[in-house]
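Student: Got a structure for you, questions after.
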Amino acid sequence: MKITCFYGSYPDMGYIYLKPSEFSTKNLESENELAQHINIHQISIPYLTDPNIASSLDKMSVAAHTFEADYENGYDTEYGNDMDDDGYITGIELNLQLDRFVDLMKNQAFKVIRTEWRSTEFHLITLDHWENVFQSNNVIYKLNNQEDAFVIVQLEEPEKLGYHYTDKEDRKPIALFKALISSRNDIYPIDYLLKPEFVIIKDIGPFHS
């Protein structure tokens, strides 16, 4: 899984590529400071099997609408998120502070977990620490009506994140991504998700394709 973190100017920005991208980070290797912050030989994305996750998912509410349909109606996002024509999220742009990114890597917060939910085998890809992913007040959104891919989001009060609306009618919670749930290995390949391709670069803006 490819994740970039650009730090040094406010705010620190990140981008999570949930599926393989044509954008190559090879041209950034000379600038990548990853080894300055973490032992790169200790970086891994664990693969687990956990049949008990379904009970945690069942404690969360499942939104009636798709993630795309509820955008700017039920929630806002920090920045732009890329989707394909079928509503599958391909990438997430987010605030990603350097210290937080290093903490997530060191503690192997990024995991791929095989489980069964709703009588279907899914892989759940965590994007935060376990306790933040499986909070019962998080919300699960289907990405389309095929119901073969979902996201878990935390709906946070905008003021806690520094967002202030001049018109109260425009005020909505901010959706913070905590996990992807997918049965579509063709769209979200497991081999790709298990390969850490992490980039840390200072003093340039976010860049992705």
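Labeling convention for the structure tokens: chains A, B, ... as they appear, residues from 1 per chain, ligands from 1 in order of appearance.
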I need the strand (DSSP E) residues of segment 41-200 of chain A per DSSP on the backbone, written as a VMD selection string.
Tutor: chain A and resid 47 to 49 61 to 66 76 to 77 81 to 83 89 to 95 111 to 117 120 to 126 139 to 142 149 to 156 174 to 182 197 to 200
Student: Segment 121-174 of chain A near segment 2-26 of chain A within 12 Å: what's each residue's closest atom pair and its distance in Å to one decimal, counting only C-alpha atoms, ordered by chain then ascending residue number, as JSON lines?
Tutor:
{"residue": "A:Leu124", "atom": "CA", "partner": "A:Leu18", "partner_atom": "CA", "distance": 11.9}
{"residue": "A:Ile125", "atom": "CA", "partner": "A:Leu18", "partner_atom": "CA", "distance": 9.3}
{"residue": "A:Thr126", "atom": "CA", "partner": "A:Leu18", "partner_atom": "CA", "distance": 11.2}
{"residue": "A:Leu127", "atom": "CA", "partner": "A:Ile16", "partner_atom": "CA", "distance": 9.1}
{"residue": "A:Ala149", "atom": "CA", "partner": "A:Leu18", "partner_atom": "CA", "distance": 11.9}
{"residue": "A:Val151", "atom": "CA", "partner": "A:Leu18", "partner_atom": "CA", "distance": 11.3}
{"residue": "A:Leu161", "atom": "CA", "partner": "A:Pro11", "partner_atom": "CA", "distance": 11.6}
{"residue": "A:Gly162", "atom": "CA", "partner": "A:Pro11", "partner_atom": "CA", "distance": 11.2}
Student: How would the residues just picked look written out with N, CA and C atoms as a JSON list (two decimals), in the first residue's frame?
Tutor:
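Output (selection.json):
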[["chain", "number", "residue", "atom", "x", "y", "z"],
["A", 124, "LEU", "N", -10.41, -6.61, 5.62],
["A", 124, "LEU", "CA", -10.54, -5.30, 6.26],
["A", 124, "LEU", "C", -9.15, -4.71, 6.38],
["A", 125, "ILE", "N", -8.98, -3.52, 5.83],
["A", 125, "ILE", "CA", -7.68, -2.84, 5.82],
["A", 125, "ILE", "C", -7.75, -1.68, 6.81],
["A", 126, "THR", "N", -7.01, -1.79, 7.90],
["A", 126, "THR", "CA", -7.07, -0.75, 8.93],
["A", 126, "THR", "C", -6.14, 0.41, 8.58],
["A", 127, "LEU", "N", -6.61, 1.61, 8.84],
["A", 127, "LEU", "CA", -5.85, 2.83, 8.55],
["A", 127, "LEU", "C", -5.57, 3.64, 9.81],
["A", 149, "ALA", "N", -17.85, -3.53, -1.07],
["A", 149, "ALA", "CA", -16.79, -2.71, -0.50],
["A", 149, "ALA", "C", -17.43, -1.61, 0.36],
["A", 151, "VAL", "N", -16.44, 1.52, 3.66],
["A", 151, "VAL", "CA", -15.45, 2.23, 4.46],
["A", 151, "VAL", "C", -16.01, 2.43, 5.86],
["A", 161, "LEU", "N", -11.37, 19.78, 14.65],
["A", 161, "LEU", "CA", -10.34, 19.65, 13.61],
["A", 161, "LEU", "C", -9.93, 21.00, 13.05],
["A", 162, "GLY", "N", -10.49, 22.08, 13.63],
["A", 162, "GLY", "CA", -10.11, 23.42, 13.19],
["A", 162, "GLY", "C", -10.96, 23.97, 12.06]]
Student: Which residue is closest to Glu121 of chain A? Choose from A:Ile187, A:Ala179, A:Ala109, A:Ile53 and count only C-alpha atoms.
Tutor: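 Closest residue, counting only C-alpha atoms: A:Ile53.
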Student: Output as a ChimeraX atom specification all residues of chain A that backbone DSSP marks as helix (DSSP H, G or I).
Tutor: /A:26-28,34-37,40-42,53-58,67-70,98-106,130-133,158-161,168-170,190-193
Student: In Å, with one decimal, what is the gap from atom CA of Asn95 of chain A to atom CA of Ala175 of chain A?
Tutor: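 A separation of 12.1 Å between them.
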Student: Skip segment 82-88 of chain A itself and residues of its chain fewer than 2 positions away, then list as an NGL selection string all residues within 7 Å of it, counting only C-alpha atoms.
Tutor: :A and (68 or 80 or 90-92 or 143-144)
Student: Store the residues picked out above in a file with C-alpha atoms, as a PDB file, in the first residue's frame.
Tutor:
ATOM      1  CA  GLU A  68     -20.755   9.176  -2.431  1.00  0.00           C
ATOM      2  CA  GLY A  80     -10.637  15.565  -1.855  1.00  0.00           C
ATOM      3  CA  THR A  90      -9.132   4.861  -5.084  1.00  0.00           C
ATOM      4  CA  GLY A  91      -7.308   7.368  -2.889  1.00  0.00           C
ATOM      5  CA  ILE A  92      -7.696   9.482   0.233  1.00  0.00           C
ATOM      6  CA  LEU A 143     -19.359   2.372  -1.655  1.00  0.00           C
ATOM      7  CA  ASN A 144     -22.125   1.327  -4.016  1.00  0.00           C
TER       8      ASN A 144
END
Student: Env of segment 43-47 of chain A: 7 Å cut, atoms = only C-alpha atoms, seq-sep filter 2 positions within chain, self excluded. Answer as a list in words.
Tutor: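 Surrounding residues, per the criterion: Ile40, His41, Met105, Gln108, Phe110, Lys111, Val112, Ile113, Leu194, Lys195 and Pro196 of chain A.
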Student: Selection from above, N, CA, C and O atoms, as a JSON list (two decimals), in the first residue's frame, can you write it?
Tutor:
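Wrote part-v1.json, looks like this:
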[["chain", "number", "residue", "atom", "x", "y", "z"],
["A", 40, "ILE", "N", 13.59, 0.92, 8.39],
["A", 40, "ILE", "CA", 12.76, 0.45, 7.28],
["A", 40, "ILE", "C", 12.67, -1.07, 7.24],
["A", 40, "ILE", "O", 11.73, -1.63, 6.64],
["A", 41, "HIS", "N", 13.60, -1.76, 7.89],
["A", 41, "HIS", "CA", 13.56, -3.21, 7.91],
["A", 41, "HIS", "C", 12.50, -3.73, 8.89],
["A", 41, "HIS", "O", 12.18, -4.92, 8.88],
["A", 105, "MET", "N", 3.20, 3.59, 11.64],
["A", 105, "MET", "CA", 4.11, 2.60, 11.07],
["A", 105, "MET", "C", 4.77, 1.76, 12.15],
["A", 105, "MET", "O", 4.84, 0.52, 12.05],
["A", 108, "GLN", "N", 2.50, -0.78, 13.61],
["A", 108, "GLN", "CA", 1.84, -1.63, 12.61],
["A", 108, "GLN", "C", 0.32, -1.45, 12.64],
["A", 108, "GLN", "O", -0.45, -2.41, 12.65],
["A", 110, "PHE", "N", -1.36, -0.27, 10.21],
["A", 110, "PHE", "CA", -1.88, -0.69, 8.91],
["A", 110, "PHE", "C", -1.85, -2.21, 8.86],
["A", 110, "PHE", "O", -0.78, -2.82, 8.89],
["A", 111, "LYS", "N", -3.03, -2.82, 8.78],
["A", 111, "LYS", "CA", -3.15, -4.27, 8.75],
["A", 111, "LYS", "C", -4.15, -4.69, 7.69],
["A", 111, "LYS", "O", -5.05, -3.91, 7.33],
["A", 112, "VAL", "N", -4.00, -5.92, 7.21],
["A", 112, "VAL", "CA", -5.00, -6.53, 6.34],
["A", 112, "VAL", "C", -5.54, -7.74, 7.09],
["A", 112, "VAL", "O", -4.77, -8.64, 7.46],
["A", 113, "ILE", "N", -6.85, -7.77, 7.30],
["A", 113, "ILE", "CA", -7.45, -8.80, 8.14],
["A", 113, "ILE", "C", -8.55, -9.52, 7.36],
["A", 113, "ILE", "O", -9.49, -8.89, 6.87],
["A", 194, "LEU", "N", -0.53, -5.39, 0.96],
["A", 194, "LEU", "CA", 0.41, -5.91, 1.93],
["A", 194, "LEU", "C", 1.84, -5.41, 1.74],
["A", 194, "LEU", "O", 2.70, -5.65, 2.57],
["A", 195, "LYS", "N", 2.08, -4.71, 0.65],
["A", 195, "LYS", "CA", 3.42, -4.23, 0.36],
["A", 195, "LYS", "C", 3.54, -2.76, 0.77],
["A", 195, "LYS", "O", 2.96, -1.87, 0.13],
["A", 196, "PRO", "N", 4.31, -2.47, 1.84],
["A", 196, "PRO", "CA", 4.41, -1.07, 2.28],
["A", 196, "PRO", "C", 5.30, -0.25, 1.35],
["A", 196, "PRO", "O", 6.48, -0.55, 1.18]]
Student: Contacts of segment 54-65 of chain A at 8 Å or less, counting only C-alpha atoms, minus same-chain residues fewer than 4 places along, as a list in words?
Tutor: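 The contact residues come out as Ala69, Asp70, Thr115, Glu116, Trp117, Arg118, Phe134, Gln135, Ser136, Asn137, Asn138, Val139, Ile140, Tyr141 and Lys142 of chain A.
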